[in-house]
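Participant: Pasting a structure below so you can have a look.
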Amino acid sequence: MRKPVEQIEEATILFAGDSGDGSQTIGTQMTETTALIGNDVATLPDYPAEIRAPAGSIAGVSGFQLHFSSEQIHTPGDLCDVLVAMNPAALKVHLNKLKPNGILIVNTDNFARRNLRLAGYEEDPLEDDKLTKYQVFRVELTQLTRKALEATQLSVPEIDRCKNFFALGMILWLYNRPMEYTMKWIKAKFAKRPQYVESNILALRAGNTYCEATEQFAVSYDVKPADFEPGTYRNIEGNMATVLGLVAASYQSGLPLVYGSYPITPASDILHGLAQYRNFGVVTMQMEDEIAAVGVAIGAAFSGSLGVTGSSGPGLALKSEAINLAMIAELPLVVCNIQRAGPSTGMPTKTEQSDLLQMFYGRNGESPLPIIAPSRPFDCFETVYEACRIAVKYRTPVIFLSDLYIAMGAEPWKIPQLSELPEIRPDFAVSADTRNGFEPYLRDPETLARPWAKPGTAGLEHRIGGLEKSDVTGHVSYDAENHQRMVEIRAEKVARIADALPPTEVFGAPEGDILLLGWGGTYGAIRTTAENCVADGLPIAHVHLRHLNPFPKDLGDILQRFKKILIPEQNSGQLLQLIRSTYLIDAIGFNKVQGQPFHVFELAAKIDEILEEIGRA
Amino acid sequence: MRKPVEQIEEATILFAGDSGDGSQTIGTQMTETTALIGNDVATLPDYPAEIRAPAGSIAGVSGFQLHFSSEQIHTPGDLCDVLVAMNPAALKVHLNKLKPNGILIVNTDNFARRNLRLAGYEEDPLEDDKLTKYQVFRVELTQLTRKALEATQLSVPEIDRCKNFFALGMILWLYNRPMEYTMKWIKAKFAKRPQYVESNILALRAGNTYCEATEQFAVSYDVKPADFEPGTYRNIEGNMATVLGLVAASYQSGLPLVYGSYPITPASDILHGLAQYRNFGVVTMQMEDEIAAVGVAIGAAFSGSLGVTGSSGPGLALKSEAINLAMIAELPLVVCNIQRAGPSTGMPTKTEQSDLLQMFYGRNGESPLPIIAPSRPFDCFETVYEACRIAVKYRTPVIFLSDLYIAMGAEPWKIPQLSELPEIRPDFAVSADTRNGFEPYLRDPETLARPWAKPGTAGLEHRIGGLEKSDVTGHVSYDAENHQRMVEIRAEKVARIADALPPTEVFGAPEGDILLLGWGGTYGAIRTTAENCVADGLPIAHVHLRHLNPFPKDLGDILQRFKKILIPEQNSGQLLQLIRSTYLIDAIGFNKVQGQPFHVFELAAKIDEILEEIGRA
Amino acid sequence: MRRKRSSRIPAGVPTLSKKDFESDQDVRWCPGCGDYSILAQTQRIMPELGIPKENIVFISGIGCSSRFPYYMNTYGFHTIHGRAPTIASGVKMANPDLSVWVITGDGDALSIGGNHFIHLMRRNFDVNVLLFNNRIYGLTKGQYSPTSEQGKQTKSTPLGSVDTPFNPISLALASGATFVARSLDRDPNHLRAIIKSAFEHKGTSFIEIYQNCNVFNDGAFFQYTEKDTKADNTVILEHNEPLVFGAERDKGIRLNGFQPEVVKTTNGEYSMDDLIVHDQYAEDTTLANFLARMSDTLDLPDPIGIFRSIRHPCYEDLMTNQIRTAKERMGEGNLEALLNDGETWTVS
Amino acid sequence: MRRKRSSRIPAGVPTLSKKDFESDQDVRWCPGCGDYSILAQTQRIMPELGIPKENIVFISGIGCSSRFPYYMNTYGFHTIHGRAPTIASGVKMANPDLSVWVITGDGDALSIGGNHFIHLMRRNFDVNVLLFNNRIYGLTKGQYSPTSEQGKQTKSTPLGSVDTPFNPISLALASGATFVARSLDRDPNHLRAIIKSAFEHKGTSFIEIYQNCNVFNDGAFFQYTEKDTKADNTVILEHNEPLVFGAERDKGIRLNGFQPEVVKTTNGEYSMDDLIVHDQYAEDTTLANFLARMSDTLDLPDPIGIFRSIRHPCYEDLMTNQIRTAKERMGEGNLEALLNDGETWTVS
Ligand SMILES: Cc1ncc(C[n+]2csc(CCOP(=O)(O)OP(=O)(O)O)c2C)c(N)n1
Ligand SMILES: Cc1ncc(C[n+]2csc(CCOP(=O)(O)OP(=O)(O)O)c2C)c(N)n1
Ligand code: SF4
Ligand code: SF4
Ligand SMILES: [Mg+2]
Ligand SMILES: [Mg+2]
């Protein structure tokens, strides 16, 4: 008879194992299925260092955390209800993330002496009593999988590679999810290798029936669909949303997209993604280095295409001189920086927000640029589209400042209607409408944008370059007053972008004790914290900035309405710096520079601390 | 009979002509002579664009301004007493710098139609009455020179090239200066071309006697020697002082100097200067680009040499990734940035202070570096020496932030005694003094500096790199807490430099209405202004920062003691930004971004304006 | 002549003259600079190329030579030091119909820009590269460059430079350049002819132009450019012609094994048939490499003319083909479909 | 063997073993990666070089291959992408007594680091460069590299790459490299021998090592490394030996004019004497260039071994000489005198 099913609101599962164990695969599959049956989901893949570590070692552990709920959620969750540990190293690394009394599933077949030593365990943790505060399920995953697949013609290594699906089968059972989506995926994935289709599906089923059959689990759980606003949804990662946003901007503006890049973690997937869309006329150029990558994008922009380049911190450092050229040449250009943990090579597979000031100031001379940042995976679509719109409208390079956490995280995305996408009008110059012939630096009085005249247009032949140019004519000029004027115009042009921005959304109390001010990938943790506070009736609000340069015009007023401004950042206080100097407000920083996202409980604790100070609670 | 001599306190002379006219040469000679007879001097060479402009054109005008006095002075002067205009273009460009009733000497032979047109004059300015408010001296400089040299065997072009010395002869007479020093210089300079020695000396004498003989000048002037504190002096340009400071640091520390560079205006002269000193063991490497230039300096530092690299803004942008490597590797390195007008290629021959924030933040991740700036030409010596001292003591790259104005300006320098130079101790690691063998990231508890173990030292073999490293051992680490700790340690190490800094010198009122806060090349103009205010009994003071990161510990208190903080900068307000965010003070910026230094009258006017506001005067 | 993409002037439209290619900016180089001649020859040859000037783009880096675009009344971009090849690649990729010209110097192309230079060659974009080699840094007032002879005394090397110079022709060949040539600022006719062939070549065309910097490196090439010495120190390369040189054209170059030697063709011992015959269309670069090195390692005369001219597919064409075939196979991209691609679900 | 600066182990001191060169860090490459073999051969050959390990420095850029220094128990610097040659140049210049090794990959050395690579070659610092050529970007998980064959399908080029690859040997030769060789991760004995010769060569030594990336580009070089195909697809270069290859060593390469051809040496028509004889000490690079291109443009077998090995002065020695002679001429620098140099005046 069917085992009892318990209704719960949400759950967090962490799949962890050796890089080779396929935790990322089953994590993604569980996410897909869960999203498809209507839960809200948020994920956090946690890769080991770029380079493959020895099998079974601590450094080789790869994890995938999935949080799903019948309510709206914004983070992959602080602690987990279920931890699937495929080997001792995975247990060692992730046990601290499992809630007390949480479910721990271990593959006992991998707990041989050698594995234990590799993980740095003196003796077998499964033996001693360290695990008593959890519900431990010891499963001979390898053996069971082999048994299930013995009929197949596959070699033992091949069979063992299927054990992750056995684990997935168990989890699907545990949360009452259908196997069909995964089976569909397996069939597509191994279309060319039918024997693998069979084997993986066998393993999946085996894991599922194992739970049904054995006494292991008394109950299973069900999480009802969340209520989303009507629309068509898909699950999407940040980098993929960025890819789609760029293609959309090209499609809607009619400007062919030329993406110049040089591979670097975590930006490479944007190059890989865009390279798929030649049928959209997308040109991707993998160049010899980051300088060449931005160079081709600038050249393309000069030719009248949508020039885009993308990289991460170290690459941005190299691009800075050329970006500065595009700035003074006033050409539309979109520069994507998918931040990772620095400084220098740093920790390339970990997340951080420490390039903000580099984007503001990492160029010689006075070189103001618009900077905008996405707040969550699906927001990359809208934000990068906005970057393209601003670049084209104002004829300026725009920095799209994403980060590894958003780039690799996934969540459901309500697919927009094309009609909802703002218009992007290239408005190329077609004729010289001034008495003095074509004047490449004669500006639009409203936006201060200069004309975009592409080669091939008769009568608009002109020369631009990196030397200071005289207002209107664009000829080289060393004139003192002209230089002052041009420096001011370039600053003013960026400042005016704020004129056309919508009012800033303030979540929570319109005024009160604490304003949580954030930007980028910290959105999920901050918003969840704010929601909890608001639910507790605390006078707290959350503002999340998409536009970092220029700041929204109403920001100053909003800041005035709160006793304390708390700025959580995954750096040592960069937005903090800018807010303090701009508004002369004694804002407080809450800084975590660990390559890991904020936990909601960390933020909550900080807020309590501040409330203490200002004498509440 | 000798004409009357009038005693005056100071004078400012501007030599201006076509690039080919040799104004720089005679300007420098007048400076040398004037300094040698004991006046205080300050100079401002004003070059045309890098590239040679058509003879006689506005763009081709080259000027050299000299200010000398019997008192201490700090600037080349706002307006001039004498303008020597060798052609109409020079007149056009510089006439506005001549004081009312000032002396204007023009070479009438160059005022033919063609020259006038080139200078954009409708009709001859010497004809109309625009010049009535000046004492105009029309001299057939070319003809007179040819007459004086007709006896020589030289060709007419050769002869004409001597006319600048004719002009110098006149000026020397006008200010009662001896010709001997110039003659000595001419003899040395043309040692291999005796005919030129003769011709130039003839021209010099001719100019001199011309004044004596003709009615042109009724009186001549005399400026008594200034009283300098006892010592031996020489006249020195900023870049030359930088060269000497680097050689001195190498000499005193015993660390061989390796200077890696790639030519760029205005930093090239440091490379040229250092290349002269092979006998000091100085290695200069002109590399393929700025990245290679900083690369060899880093390699040299790793090998135990004094690694130094130098460039200007665009070059610094390119070096930023590698500087970041040196930062995380914690190697001593000195990075010289001789700022020029940006953004991008900008105006390479003009001065600016707009790279300050680039030096602070132009690197990915959290990458704090010490930044120090010289305030005047001779100060480059002490400041770059200090940069070397800090780099070696704290094992960190240090930014030496000079600018074109200081680099090319000249003034008398009291040559220091070697005994006055602070000690620089390499303190190389010689043995592994820990139980666990050598630990490359085990720090000095006071400075937080790590050991400097150079290859070749047995037993200290170790590996470093750009990936995050674990505290103490220096092994690669992706550990979350370790990363946070390392980020904090690197920041703290830089912060601690302030512990050992002397108290900040406050010139003028210890407290009061306005504090003029400056850094770098604005020293002269600000100090002169402050001196005038103080003389007028105004409650005004001047603090000039050498250390920009970290700020002196007492700066905060000092700022508190004034009603208004005025920060004059040749940028759009970069130090201003840092001061506002650090001290939450509503400091005011006074910003001039014109490629030209501040004038004292500009600053004075701004101060009056502020005093108005706060209701004084 | 090979087909070019650059769209030509429709018949009937009045053809252009040198004047049409002169911009309104006054030319700023030192009097006597070799750059003037190169500019003049370029402006003179342009009308003969038969493309409207709005379809022409000159892109340069930084240096005296790189001021060039300001003086051409076409589209132009004076970019940053060493990066012109990258920007030119972007321009050409974005609009293959444009006629794209890169103007660069020995420092710009071979020092800071060395990497972009070699990668441009291997990608074979249909652009023309004019390298003004004056063996010095002119704009920064006289430091040695990667083509300066070893031991050169300059501002930055008072005791002489210690590095061995690059041979730009060898470097271009090794990088896979499909058109490699050398010409002289002081031989206007030859220079114009070479520029024209470069234009007609489909693929990256590289021309090294010996250029005199009379201020900082005067006479660097006089042995190759001046009447009295030219004939004995240079050999003019002509396809299918033997390597003959000398004022009396009585000297030739012969090969035994891999060892070349100079022989007299007049004393009966050797005839023209014994000499190396130039083949600029050879796919294999052995001969071209030999010619490139003749004057430095073998002190034979210096070859002037076209070393290599072969047809390889261009980057922009291959990329454009990928786009065309992708559209054929998958159909013109449809954004709506793309956004709704993959597993989706609908909430109503 | 030529004299080296690297100070040798004094007689009597116990010589070292492979173990001495293994660091305490566990090696992190994918199981089966060719890098393991290269590391092992390097660690095995080190003791034979007879220099104390504290005088050895390994410098790398970024890439899988560039992790190498962490595993060598010598001084090491894992720098930034493409810049290892510059840092190595600084290390060697600052202390010519050190034995300096550059470890790099095809992307590190030829893509982002291409410019430093060619400039290192022309400066001829006495450093040894080991380029692990796996024709792919390993660390970033499989994009094509500048040595990947045209049309290569990778993550970043799903429809195939459109650029023609570099030939690293040609590029090194064109840059003036004085020692150029090729070896294989799967031929330990040959690899060790080549590494040793590279060390013994005074000047920049460049070794291209074919390395298998079994994860992202498996089998790229199997035709050259595997038993069954090796003999017919490679020719082993030996100084003064004819170019003979084939399982039966019955095939040879002969030249007529500049046209090479493969001939049978057993059917009587041709003998060994007709074949091209390798001369690795030739100053002129014509032969070396021909060998470098044999397999790409002429589809002849791929040469393995030393292409070129000649003696040129090293940058660091020329610079050191300038310093020595300057000191001789002007005397040891005296700071006091320097500061007081030129026109001075005294105020008392
Ligand atoms: C990033 C950067 N580094 C250095 C410079 C300074 N610079 C300008 S041109 C040049 C070299 C010029 O030499 P070359 O390319 O041979 O051109 P030429 O002036 O000789 O025609 C240098 C070093 C610069 N403008 N930008
Ligand atoms: C400035 C910069 N750009 C890009 C990267 C990303 N990256 C690291 S290694 C690498 C290429 C590795 O390929 P290769 O040099 O062939 O080494 P392999 O991994 O194949 O051994 C790239 C693009 C980086 N670390 N730094
Ligand atoms: S410096 Fe030389 S290259 Fe530059 S313009 Fe003058 S002569 Fe020509
Ligand atoms: S990715 Fe390739 S090169 Fe890198 S370690 Fe794995 S097998 Fe070796
Ligand atoms: Mg040059
Ligand atoms: Mg590789």
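To be explicit about the labels: the chains of the structure tokens are called A, B, and onward in the order shown, and within each one the residues are counted from 1, while ligands get numbers from 1 in the order they are shown.
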Please identify every polymer residue within 9 Å of ligand 1, using only C-alpha atoms and all ligand atoms, and present the set as a ChimeraX atom specification.

Facilitator: /A:321 /B:51,262-265,268,289-290,311-318,344-345,348 /C:35,61-67,80-82,104-113,131-147,211,213

Participant: Taking 5 positions as the minimum chain separation for residues in the same chain, which residues sit within 6 Å of stretch 562-577 of chain A when counting only C-alpha atoms? Answer as a PDB file with N, CA and C atoms, in the first residue's frame.

Facilitator:
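This went into part.pdb:
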```pdb
ATOM      1  N   GLU A 352      31.588  37.081  -6.445  1.00  0.00           N
ATOM      2  CA  GLU A 352      31.981  38.292  -5.725  1.00  0.00           C
ATOM      3  C   GLU A 352      31.420  39.496  -6.467  1.00  0.00           C
ATOM      4  N   GLN A 353      31.388  40.646  -5.785  1.00  0.00           N
ATOM      5  CA  GLN A 353      30.892  41.889  -6.400  1.00  0.00           C
ATOM      6  C   GLN A 353      31.964  42.964  -6.329  1.00  0.00           C
ATOM      7  N   SER A 354      33.205  42.577  -6.467  1.00  0.00           N
ATOM      8  CA  SER A 354      34.291  43.513  -6.139  1.00  0.00           C
ATOM      9  C   SER A 354      34.841  44.290  -7.324  1.00  0.00           C
ATOM     10  N   GLU A 511       9.154  54.603   4.967  1.00  0.00           N
ATOM     11  CA  GLU A 511      10.177  55.295   5.751  1.00  0.00           C
ATOM     12  C   GLU A 511      10.324  54.508   7.040  1.00  0.00           C
ATOM     13  N   GLY A 512      11.400  54.768   7.794  1.00  0.00           N
ATOM     14  CA  GLY A 512      11.549  54.002   9.028  1.00  0.00           C
ATOM     15  C   GLY A 512      12.970  53.849   9.499  1.00  0.00           C
ATOM     16  N   ASP A 513      13.245  52.700  10.105  1.00  0.00           N
ATOM     17  CA  ASP A 513      14.531  52.498  10.769  1.00  0.00           C
ATOM     18  C   ASP A 513      15.672  52.156   9.823  1.00  0.00           C
ATOM     19  N   ILE A 514      15.473  51.107   9.054  1.00  0.00           N
ATOM     20  CA  ILE A 514      16.583  50.616   8.233  1.00  0.00           C
ATOM     21  C   ILE A 514      16.174  50.464   6.775  1.00  0.00           C
ATOM     22  N   LEU A 515      17.013  51.017   5.908  1.00  0.00           N
ATOM     23  CA  LEU A 515      16.839  50.749   4.485  1.00  0.00           C
ATOM     24  C   LEU A 515      17.963  49.820   4.064  1.00  0.00           C
ATOM     25  N   LEU A 516      17.590  48.676   3.534  1.00  0.00           N
ATOM     26  CA  LEU A 516      18.573  47.751   2.981  1.00  0.00           C
ATOM     27  C   LEU A 516      18.805  48.171   1.543  1.00  0.00           C
ATOM     28  N   LEU A 517      20.017  48.644   1.248  1.00  0.00           N
ATOM     29  CA  LEU A 517      20.320  49.099  -0.106  1.00  0.00           C
ATOM     30  C   LEU A 517      21.275  48.106  -0.753  1.00  0.00           C
ATOM     31  N   GLY A 518      20.858  47.519  -1.865  1.00  0.00           N
ATOM     32  CA  GLY A 518      21.704  46.514  -2.491  1.00  0.00           C
ATOM     33  C   GLY A 518      21.786  46.695  -3.990  1.00  0.00           C
ATOM     34  N   ALA A 587      26.129  55.771   5.901  1.00  0.00           N
ATOM     35  CA  ALA A 587      25.632  54.424   5.607  1.00  0.00           C
ATOM     36  C   ALA A 587      26.580  53.381   6.200  1.00  0.00           C
ATOM     37  N   ILE A 588      26.001  52.206   6.506  1.00  0.00           N
ATOM     38  CA  ILE A 588      26.777  51.133   7.121  1.00  0.00           C
ATOM     39  C   ILE A 588      26.962  50.002   6.118  1.00  0.00           C
ATOM     40  N   GLY A 589      28.158  49.463   6.072  1.00  0.00           N
ATOM     41  CA  GLY A 589      28.391  48.346   5.171  1.00  0.00           C
ATOM     42  C   GLY A 589      28.254  47.017   5.894  1.00  0.00           C
ATOM     43  N   PHE A 590      27.747  46.016   5.187  1.00  0.00           N
ATOM     44  CA  PHE A 590      27.761  44.651   5.715  1.00  0.00           C
ATOM     45  C   PHE A 590      28.429  43.830   4.622  1.00  0.00           C
ATOM     46  N   ASN A 591      29.648  43.414   4.873  1.00  0.00           N
ATOM     47  CA  ASN A 591      30.473  42.910   3.791  1.00  0.00           C
ATOM     48  C   ASN A 591      30.917  41.481   3.987  1.00  0.00           C
ATOM     49  N   LYS A 592      30.647  40.686   2.974  1.00  0.00           N
ATOM     50  CA  LYS A 592      31.049  39.280   3.003  1.00  0.00           C
ATOM     51  C   LYS A 592      31.874  39.026   1.745  1.00  0.00           C
ATOM     52  N   VAL A 593      33.139  38.713   1.921  1.00  0.00           N
ATOM     53  CA  VAL A 593      34.009  38.488   0.775  1.00  0.00           C
ATOM     54  C   VAL A 593      34.577  37.083   0.903  1.00  0.00           C
TER      55      VAL A 593
ATOM     56  N   SER B 581      33.744  60.621   1.210  1.00  0.00           N
ATOM     57  CA  SER B 581      33.280  59.305   1.674  1.00  0.00           C
ATOM     58  C   SER B 581      34.008  58.882   2.949  1.00  0.00           C
TER      59      SER B 581
END
```

Participant: Identify all chain B residues at most 6 Å from chain D by counting only C-alpha atoms; ligands do not count. Present them as a PyMOL selection string.

Facilitator: chain B and resi 230-234+278-281+292+295-296+299-300+303+456-458+461-466

Participant: Give the answer as one residue: which of B:Thr214, B:Thr145, B:Ser367, B:Asn532 has the shortest atom-to-atom distance to chain A, using only C-alpha atoms?

Facilitator: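 That would be B:Ser367, the residue with the smallest distance to chain A.
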
Participant: I'd like to know which residues of stretch 183-257 of chain B are strand (DSSP E) (by DSSP, run on the backbone); could you write them as a PyMOL selection string?

Facilitator: chain B and resi 220-223+231-237+257

Participant: What lies within 9 Å of D:Asn167 using only C-alpha atoms, ignoring chain neighbours under 3 positions off, as a count of residues only?

Facilitator: 11

Participant: Can you list every residue of chain B that has an atom at most 12 Å from ligand 2, with its nearest atom pair and the distance in Å to one decimal, using only C-alpha atoms and all ligand atoms, ordered by chain then number, as CSV?

Facilitator:
```
residue,atom,partner,partner_atom_place_in_ligand_line,distance
B:Ile291,CA,ligand 2,1 (C),11.7
B:Leu318,CA,ligand 2,1 (C),11.3
B:Lys319,CA,ligand 2,1 (C),11.8
B:Ser320,CA,ligand 2,1 (C),11.0
B:Glu321,CA,ligand 2,1 (C),7.6
B:Ala322,CA,ligand 2,1 (C),9.6
B:Asn324,CA,ligand 2,1 (C),11.6
B:Leu325,CA,ligand 2,1 (C),11.2
B:Asn364,CA,ligand 2,1 (C),10.9
B:Gly466,CA,ligand 2,25 (N),9.6
B:Leu467,CA,ligand 2,25 (N),9.9
```

Participant: Save out the residues we just selected, C-alpha atoms, as a PDB file, in the first residue's frame.

Facilitator:
```pdb
ATOM      1  CA  ILE B 291      52.452  44.796 -19.812  1.00  0.00           C
ATOM      2  CA  LEU B 318      47.349  48.144 -19.555  1.00  0.00           C
ATOM      3  CA  LYS B 319      49.533  47.392 -16.535  1.00  0.00           C
ATOM      4  CA  SER B 320      46.643  47.051 -14.137  1.00  0.00           C
ATOM      5  CA  GLU B 321      46.205  43.292 -14.427  1.00  0.00           C
ATOM      6  CA  ALA B 322      49.889  42.645 -13.746  1.00  0.00           C
ATOM      7  CA  ASN B 324      47.236  43.210  -9.339  1.00  0.00           C
ATOM      8  CA  LEU B 325      49.351  40.067  -9.576  1.00  0.00           C
ATOM      9  CA  ASN B 364      39.628  43.731 -10.370  1.00  0.00           C
ATOM     10  CA  GLY B 466      47.730  34.948  -8.644  1.00  0.00           C
ATOM     11  CA  LEU B 467      45.233  32.500  -7.167  1.00  0.00           C
TER      12      LEU B 467
END
```

Participant: Give me every helix (DSSP H, G or I) residue in stretch 39-177 of chain C, going by DSSP on the backbone, as a PyMOL selection string.

Facilitator: chain C and resi 39-49+53-55+65-71+84-94+106-110+114-123+168-174

Participant: Using only C-alpha atoms and a distance of at most 7 Å, pull out the residues of chain C that contact chain D, as a tab-separated table (two decimals) with C-alpha atoms, in the first residue's frame.

Facilitator:
```
chain	number	residue	atom	x	y	z
C	114	GLY	CA	52.71	42.41	-32.46
C	115	ASN	CA	50.10	39.93	-31.33
C	122	ARG	CA	46.34	34.18	-39.91
C	123	ARG	CA	42.68	35.18	-40.00
C	162	VAL	CA	70.75	44.72	-27.20
C	163	ASP	CA	67.87	42.97	-28.92
C	164	THR	CA	67.90	41.53	-32.42
C	165	PRO	CA	65.32	43.14	-34.71
C	166	PHE	CA	62.31	41.45	-36.24
C	170	SER	CA	59.35	36.71	-42.17
C	171	LEU	CA	56.96	37.34	-39.33
C	174	ALA	CA	55.20	32.69	-40.56
C	175	SER	CA	51.81	33.99	-39.46
C	258	PHE	CA	69.75	25.37	-49.70
C	284	ASP	CA	54.69	26.64	-49.80
C	286	THR	CA	60.14	28.07	-48.43
C	287	LEU	CA	61.13	30.38	-51.28
C	289	ASN	CA	61.12	32.75	-46.46
C	290	PHE	CA	64.45	32.51	-48.20
C	297	THR	CA	71.54	36.49	-42.72
C	315	TYR	CA	37.49	35.10	-42.11
C	318	LEU	CA	33.60	31.98	-43.83
C	319	MET	CA	31.64	33.62	-41.02
```

Participant: Please report as JSON lines every residue of chain A lying within 12 Å of ligand 4, along with the nearest atom pair and their distance in Å (one decimal), using only C-alpha atoms and all ligand atoms.

Facilitator:
```
{"residue": "A:Ala49", "atom": "CA", "partner": "ligand 4", "partner_atom_place_in_ligand_line": "5 (S)", "distance": 12.0}
{"residue": "A:Glu50", "atom": "CA", "partner": "ligand 4", "partner_atom_place_in_ligand_line": "1 (S)", "distance": 9.2}
{"residue": "A:Ile51", "atom": "CA", "partner": "ligand 4", "partner_atom_place_in_ligand_line": "5 (S)", "distance": 6.5}
{"residue": "A:Arg52", "atom": "CA", "partner": "ligand 4", "partner_atom_place_in_ligand_line": "5 (S)", "distance": 6.4}
{"residue": "A:Ala53", "atom": "CA", "partner": "ligand 4", "partner_atom_place_in_ligand_line": "5 (S)", "distance": 9.1}
{"residue": "A:Pro54", "atom": "CA", "partner": "ligand 4", "partner_atom_place_in_ligand_line": "5 (S)", "distance": 10.7}
```

Participant: May I have the residues within 7 Å of B:Phe598 as a ChimeraX atom specification, using only C-alpha atoms and disregarding those fewer than 3 positions away in the same chain?

Facilitator: /B:522,525,602

Participant: For ligand 6, which residue among D:Ile304, D:Ala220, D:Ile310, D:Val102 is the nearest when counting only C-alpha atoms and all ligand atoms?

Facilitator: D:Ala220

Participant: When you look at A:Pro368 with a cut-off of 10 Å (counting only C-alpha atoms), what residues show up, excluding the ones that are within fewer than 4 positions of it in the same chain? I need them as a list in words.

Facilitator: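 Surrounding residues, per the criterion: Asn324, Met327, Ile328, Met359, Phe360, Tyr361, Arg363, Thr396, Pro397, Val398, Val487, Arg490, Ala491, Glu492, Lys493, Val494, Ala495, Asn549 and Pro550 of chain A; Pro343 of chain B.
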
Participant: Filtering to C-alpha atoms, could you give me those residues as a CSV table (one decimal), in the first residue's frame?

Facilitator:
```
chain,number,residue,atom,x,y,z
A,324,ASN,CA,38.2,54.4,-22.8
A,327,MET,CA,34.0,56.4,-24.5
A,328,ILE,CA,35.8,59.4,-26.0
A,359,MET,CA,34.0,49.7,-13.6
A,360,PHE,CA,33.6,53.3,-12.4
A,361,TYR,CA,37.2,54.4,-12.3
A,363,ARG,CA,40.3,54.1,-16.9
A,396,THR,CA,28.2,55.4,-25.2
A,397,PRO,CA,29.8,52.2,-23.9
A,398,VAL,CA,27.6,50.8,-21.1
A,487,VAL,CA,35.0,66.7,-20.0
A,490,ARG,CA,30.7,63.7,-21.4
A,491,ALA,CA,29.8,63.7,-17.7
A,492,GLU,CA,26.5,65.5,-18.3
A,493,LYS,CA,25.6,63.0,-21.1
A,494,VAL,CA,25.8,60.1,-18.6
A,495,ALA,CA,24.1,62.1,-15.9
A,549,ASN,CA,25.7,55.1,-12.7
A,550,PRO,CA,23.9,57.4,-12.8
B,343,PRO,CA,40.7,60.4,-21.2
```

Participant: So how many Å separate atom CA of C:Asn212 and atom CA of C:Leu237, to one decimal?

Facilitator: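 Distance between the two atoms: 21.8 Å.
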
Participant: Would you please work out which residue, of B:Val93, B:Ala387, B:Leu603, B:Leu172, is nearest to chain A when using only C-alpha atoms?

Facilitator: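 Of all the options, B:Val93 lies closest to chain A.
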
Participant: Which residues are near D:Ala40? Cut-off 12 Å, only C-alpha atoms, ignore same chain within fewer than 6 positions. Put them as a list in words.

Facilitator: Lys18, Lys19, Phe21, Glu22, Val27, Gly34, Met46, Phe68, Tyr71, Met72, Asp185, Arg186, Asp187, Pro188, Asn189, Leu191 and Arg192 of chain D

Participant: Could you state the separation of atom CA of A:Lys192 and atom CA of A:Tyr277 in Å, given to one decimal place?

Facilitator: 23.2 Å

Participant: Would you list the contacts of C:Thr204 as a VMD selection string, taking every protein, DNA or RNA residue within 8 Å and counting only C-alpha atoms, but skipping same-chain residues closer than 2 positions in sequence?

Facilitator: chain C and resid 120 to 121 124 to 129 177 to 179 201 to 202 206
